[in-house]
2 protein chains.
Amino acid sequence: MGTNCAACHHFRKTEWAALDDAGRDRMDRVRRKCHFLPGEPIYHEGDEPTGAYCVSSGLVGIRKVDAEGESVLLRLVRPGETFGFRSFITDEAHSVSAEALTECRICRLPQAAAQPMVEGCPGLVCKFFDHLARDMRETETKVLETVKAPSRLRFLRLLVAFGATGLDGPDVDDGNEQHFELPLSRQDIASMIGVRPESMSRMIRAVQEEGLARFRGRQVEIPDPERLEIESLGESTY
Amino acid sequence: MGTNCAACHHFRKTEWAALDDAGRDRMDRVRRKCHFLPGEPIYHEGDEPTGAYCVSSGLVGIRKVDAEGESVLLRLVRPGETFGFRSFITDEAHSVSAEALTECRICRLPQAAAQPMVEGCPGLVCKFFDHLARDMRETETKVLETVKAPSRLRFLRLLVAFGATGLDGPDVDDGNEQHFELPLSRQDIASMIGVRPESMSRMIRAVQEEGLARFRGRQVEIPDPERLEIESLGESTY
DNA sequence: GGCGGGTATTGATTCAGATCAATTTCTTCG
DNA sequence: CGAAGAAATTGATCTGAATCAATACCCGCC
């Protein structure tokens with residue numbers, strides 16, 4: 001956690017790795033370390049561009065709200081990942097909001113740095129294009145799932161995904177059993193799946209009674225990850 | 001419809017407008033005009049990158065299919081718009097499929113041209129980034145709507161959107177009444193809204209009986225566009 | 001410790017939309 | 001033209017998830 005980004009152990013995995021020396025210098029000079037408490041907003045939908053962000057630690061949620069105040073949690077941003085770069089590059093207002101779901105350490109590259117940064121390094125836009133393309137793929141998949149897969153499957157898939165990536169890789173995986181933290185409130189899980197909290201509760205209980213997973217607070221245990229994965233695929237009896 | 005793109009009346013609105021003279025030359029040399037009949041596939045999910053496309057005329061549907069063969073129509077591509085550029089730029093397999101919904105004239109820039117094209121003109125990637133960012137915004141909105149808005153509202157919003165953009169702008173709008181073609185099969189409309197065809201039928205009938213719109217085949221008449229728009233917003237009785 | 005406010009669970013009921021099944025209407029083509 | 005097949009409509013029924021309404025739980029704080 002020195003003063004320069006290149007020393008950050010996330011650095012090589014971020015888009016910033018494409019920067020040349022001049023770019024890295026600029027980066028070190030203008031980026032700002034920030035700290036957010038759980039629930040704190042980072043930016044809101046409609047805000048003018050605020051810059052690009054890079055998560056050092058903690059979990060960030062990307063959310064979208066409609067006219068009636070109903071919201072969905074569109075995706076999560078984990079340590080080592082960047083976010084907010086869409087507005088950063090297109091210089092348009094944020095179309096989604098970002099919020100710290102857990103306590104977070106985050107670096108921010110202010111919007112003022114956007115033009116020089118992007119112009120000074122064409123490769124950077126390509127990297128961010130790749131990132132956006134990946135996000136797009138996942139969002140498209142989400143549309144498809146939301147429409148076609150019953151909420152139970154969506155939930156099981158979320159568990160599988162968390163089992164695979166956890167906050168940073170599987171937490172424990174001894175004797176085939178898996179244990180990890182799902183660092184989200186029930187409401188937030190519900191809003192990722194796209195159901196009401198009441199339905200979420202029932203679903204958690206049902207899944208628990210089926211023996212697919214055990215829930216104690218935010219701790220999750222998967223007795224048989226393989227079985228969970230199979231169940232998460234659906235019942236296509238080919 | 002000469003042999004060079006710059007002469008195409010869509011040209012200035014496309015991302016290719018960012019090309020320099022050398023790029024335009026290359027473009028003219030390597031792009032290929034294609035023709036598709038209604039229902040013909042242009043590329044499939046999983047296909048290796050096939051290039052970037054530009055619609056001259058007709059309507060293209062971008063679709064995604066899941067393991068069970070269920071599909072959604074994610075978005076439409078109209079004349080003057082480009083598509084397929086994600087694979088073109090990232091050089092990864094297509095993550096969605098494209099299909100001609102009506103008879104189409106389309107220009108294709110083969111994948112082999114991708115690298116030189118992109119390297120020769122950094123501004124191009126920025127343009128495509130903007131395009132992708134816009135698609136992303138719309139897809140995120142779609143997730144939110146799918147989860148929170150009842151299908152009736154989603155349908156009304158689709159009508160409003162078509163009334164506003166039609167195939168190329170409102171077709172007729174005399175004495176406040178509006179008339180346009182919805183160039184999609186009922187099944188395709190259903191798969192845009194995310195409901196079953198049976199439900200679609202019922203919904204069309206219901207909306208018709210409410211007097212919000214009249215349907216004859218693919219022709220749609222909106223007696224009172226303003227009323228439709230208000231209804232499409234939902235019943236938030238503040 | 002115990003009080004108060006948010007979060008989560010549980011229960012009873014309702015409802016939108018899916019599903020299953022049967023026609024009807026449109027297309028296409030021999 | 002008329003038959004065959006696909007697309008669309010209609011009807012009857014079922015079901016997953018929302019809604020409404022209580023209660024239980026958890027946690028910071030006086």
# chains A, B, ... in the order shown; residues from 1 in each chain; ligands from 1
call {"tool": "select_by_dssp", "arguments": {"residues": "stretch 9-42 of chain B", "states": "helix (DSSP H, G or I)", "output": "list of chain:residue names"}}
result
B:Phe11, B:Arg12, B:Lys13, B:Glu15, B:Trp16, B:Ala17, B:Ala18, B:Asp21, B:Ala22, B:Gly23, B:Arg24, B:Asp25, B:Arg26, B:Met27, B:Asp28, B:Arg29, B:Val30
call {"tool": "select_by_dssp", "arguments": {"residues": "stretch 43-148 of chain A", "states": "strand (DSSP E)", "output": "number ranges by chain"}}
result
A: 43, 51-57, 60-65, 71-77, 82-83, 97-100, 104-110
call {"tool": "residues_around", "arguments": {"residues": "B:Glu140", "least_positions_apart": "5", "cutoff": "9 Å", "atoms": "only C-alpha atoms (C1' of nucleotides)", "output": "tab-separated table (two decimals) with all heavy atoms, in the first residue's frame"}}
result
chain	number	residue	atom	x	y	z
A	64	LYS	N	-29.35	-0.10	-9.71
A	64	LYS	CA	-30.15	0.78	-10.56
A	64	LYS	C	-31.55	0.89	-9.98
A	64	LYS	O	-32.13	-0.09	-9.55
A	64	LYS	CB	-30.20	0.26	-12.00
A	64	LYS	CG	-30.82	1.24	-12.98
A	64	LYS	CD	-30.45	0.91	-14.41
A	64	LYS	CE	-31.10	1.88	-15.39
A	64	LYS	NZ	-30.47	3.23	-15.34
A	74	LEU	N	-27.36	-4.84	-9.69
A	74	LEU	CA	-27.01	-5.37	-11.00
A	74	LEU	C	-25.78	-6.26	-10.96
A	74	LEU	O	-25.72	-7.30	-11.59
A	74	LEU	CB	-26.75	-4.22	-11.97
A	74	LEU	CG	-27.98	-3.45	-12.44
A	74	LEU	CD1	-27.57	-2.16	-13.12
A	74	LEU	CD2	-28.79	-4.31	-13.40
A	95	SER	N	-25.09	6.16	-15.15
A	95	SER	CA	-26.42	5.62	-15.42
A	95	SER	C	-26.82	4.60	-14.37
A	95	SER	O	-27.92	4.06	-14.39
A	95	SER	CB	-26.45	4.98	-16.81
A	95	SER	OG	-25.58	3.88	-16.85
A	96	VAL	N	-25.92	4.34	-13.47
A	96	VAL	CA	-26.20	3.44	-12.34
A	96	VAL	C	-25.53	4.05	-11.10
A	96	VAL	O	-24.74	4.97	-11.23
A	96	VAL	CB	-25.62	2.03	-12.57
A	96	VAL	CG1	-26.34	1.34	-13.71
A	96	VAL	CG2	-24.13	2.11	-12.86
A	136	MET	N	-21.10	-6.53	-20.20
A	136	MET	CA	-22.25	-6.59	-21.08
A	136	MET	C	-22.71	-8.04	-21.24
A	136	MET	O	-23.90	-8.34	-21.12
A	136	MET	CB	-21.88	-6.01	-22.45
A	136	MET	CG	-23.03	-5.99	-23.44
A	136	MET	SD	-24.37	-4.88	-22.94
A	136	MET	CE	-25.22	-4.72	-24.50
A	139	THR	N	-24.48	-9.08	-18.20
A	139	THR	CA	-25.78	-8.44	-18.06
A	139	THR	C	-26.79	-9.07	-19.02
A	139	THR	O	-27.95	-9.29	-18.66
A	139	THR	CB	-25.66	-6.94	-18.29
A	139	THR	OG1	-24.65	-6.42	-17.44
A	139	THR	CG2	-26.98	-6.23	-17.98
A	140	GLU	N	-26.34	-9.38	-20.22
A	140	GLU	CA	-27.24	-10.04	-21.17
A	140	GLU	C	-27.66	-11.40	-20.64
A	140	GLU	O	-28.83	-11.80	-20.76
A	140	GLU	CB	-26.54	-10.18	-22.53
A	140	GLU	CG	-26.43	-8.87	-23.28
A	140	GLU	CD	-25.52	-8.94	-24.49
A	140	GLU	OE1	-24.61	-9.79	-24.52
A	140	GLU	OE2	-25.70	-8.14	-25.41
A	143	VAL	N	-30.34	-10.88	-18.15
A	143	VAL	CA	-31.66	-10.67	-18.74
A	143	VAL	C	-32.30	-12.01	-19.08
A	143	VAL	O	-33.44	-12.30	-18.71
A	143	VAL	CB	-31.58	-9.81	-20.03
A	143	VAL	CG1	-32.93	-9.78	-20.74
A	143	VAL	CG2	-31.13	-8.40	-19.72
B	135	ASP	N	-25.57	0.66	-25.39
B	135	ASP	CA	-26.23	-0.64	-25.36
B	135	ASP	C	-26.29	-1.16	-23.93
B	135	ASP	O	-27.30	-1.74	-23.50
B	135	ASP	CB	-25.47	-1.66	-26.22
B	135	ASP	CG	-25.70	-1.42	-27.72
B	135	ASP	OD1	-26.60	-0.63	-28.06
B	135	ASP	OD2	-24.97	-2.02	-28.52
B	145	GLU	N	-36.40	-3.26	-15.59
B	145	GLU	CA	-37.80	-3.34	-16.00
B	145	GLU	C	-38.33	-4.76	-15.90
B	145	GLU	O	-39.44	-4.98	-15.43
B	145	GLU	CB	-37.94	-2.89	-17.45
B	145	GLU	CG	-37.82	-1.41	-17.63
B	145	GLU	CD	-38.53	-0.95	-18.88
B	145	GLU	OE1	-38.66	-1.77	-19.81
B	145	GLU	OE2	-38.97	0.20	-18.92
call {"tool": "interface_residues", "arguments": {"of": "chain A", "to": "chain D", "cutoff": "12 Å", "atoms": "only C-alpha atoms (C1' of nucleotides)", "output": "count of residues only"}}
result
14
call {"tool": "closest_residue", "arguments": {"among": "A:Glu231, A:Glu103, A:Asp188, A:Glu68", "to": "chain B", "atoms": "only C-alpha atoms"}}
result
A:Glu68
call {"tool": "atom_distance", "arguments": {"atom1": "atom CA of A:Val207", "atom2": "atom CA of A:Lys148"}}
result
19.9 Å
call {"tool": "interface_residues", "arguments": {"of": "chain C", "to": "chain B", "cutoff": "12 Å", "atoms": "only C-alpha atoms (C1' of nucleotides)", "output": "list in words"}}
result
DC15, DA16, DG17, DA18, DT19, DC20, DT25 and DC26 of chain C
call {"tool": "atom_distance", "arguments": {"atom1": "atom CA of A:Glu99", "atom2": "atom CA of A:Val160"}}
result
23.7 Å
call {"tool": "residues_around", "arguments": {"residues": "B:Ser56", "least_positions_apart": "6", "cutoff": "12 Å", "atoms": "only C-alpha atoms (C1' of nucleotides)", "output": "ChimeraX atom specification"}}
result
/B:1,5,8-11,14,32-36,77-83,103-108
call {"tool": "closest_residue", "arguments": {"among": "B:Ile89, B:Leu59, B:Cys54, B:Val30", "to": "chain A", "atoms": "only C-alpha atoms"}}
result
B:Ile89
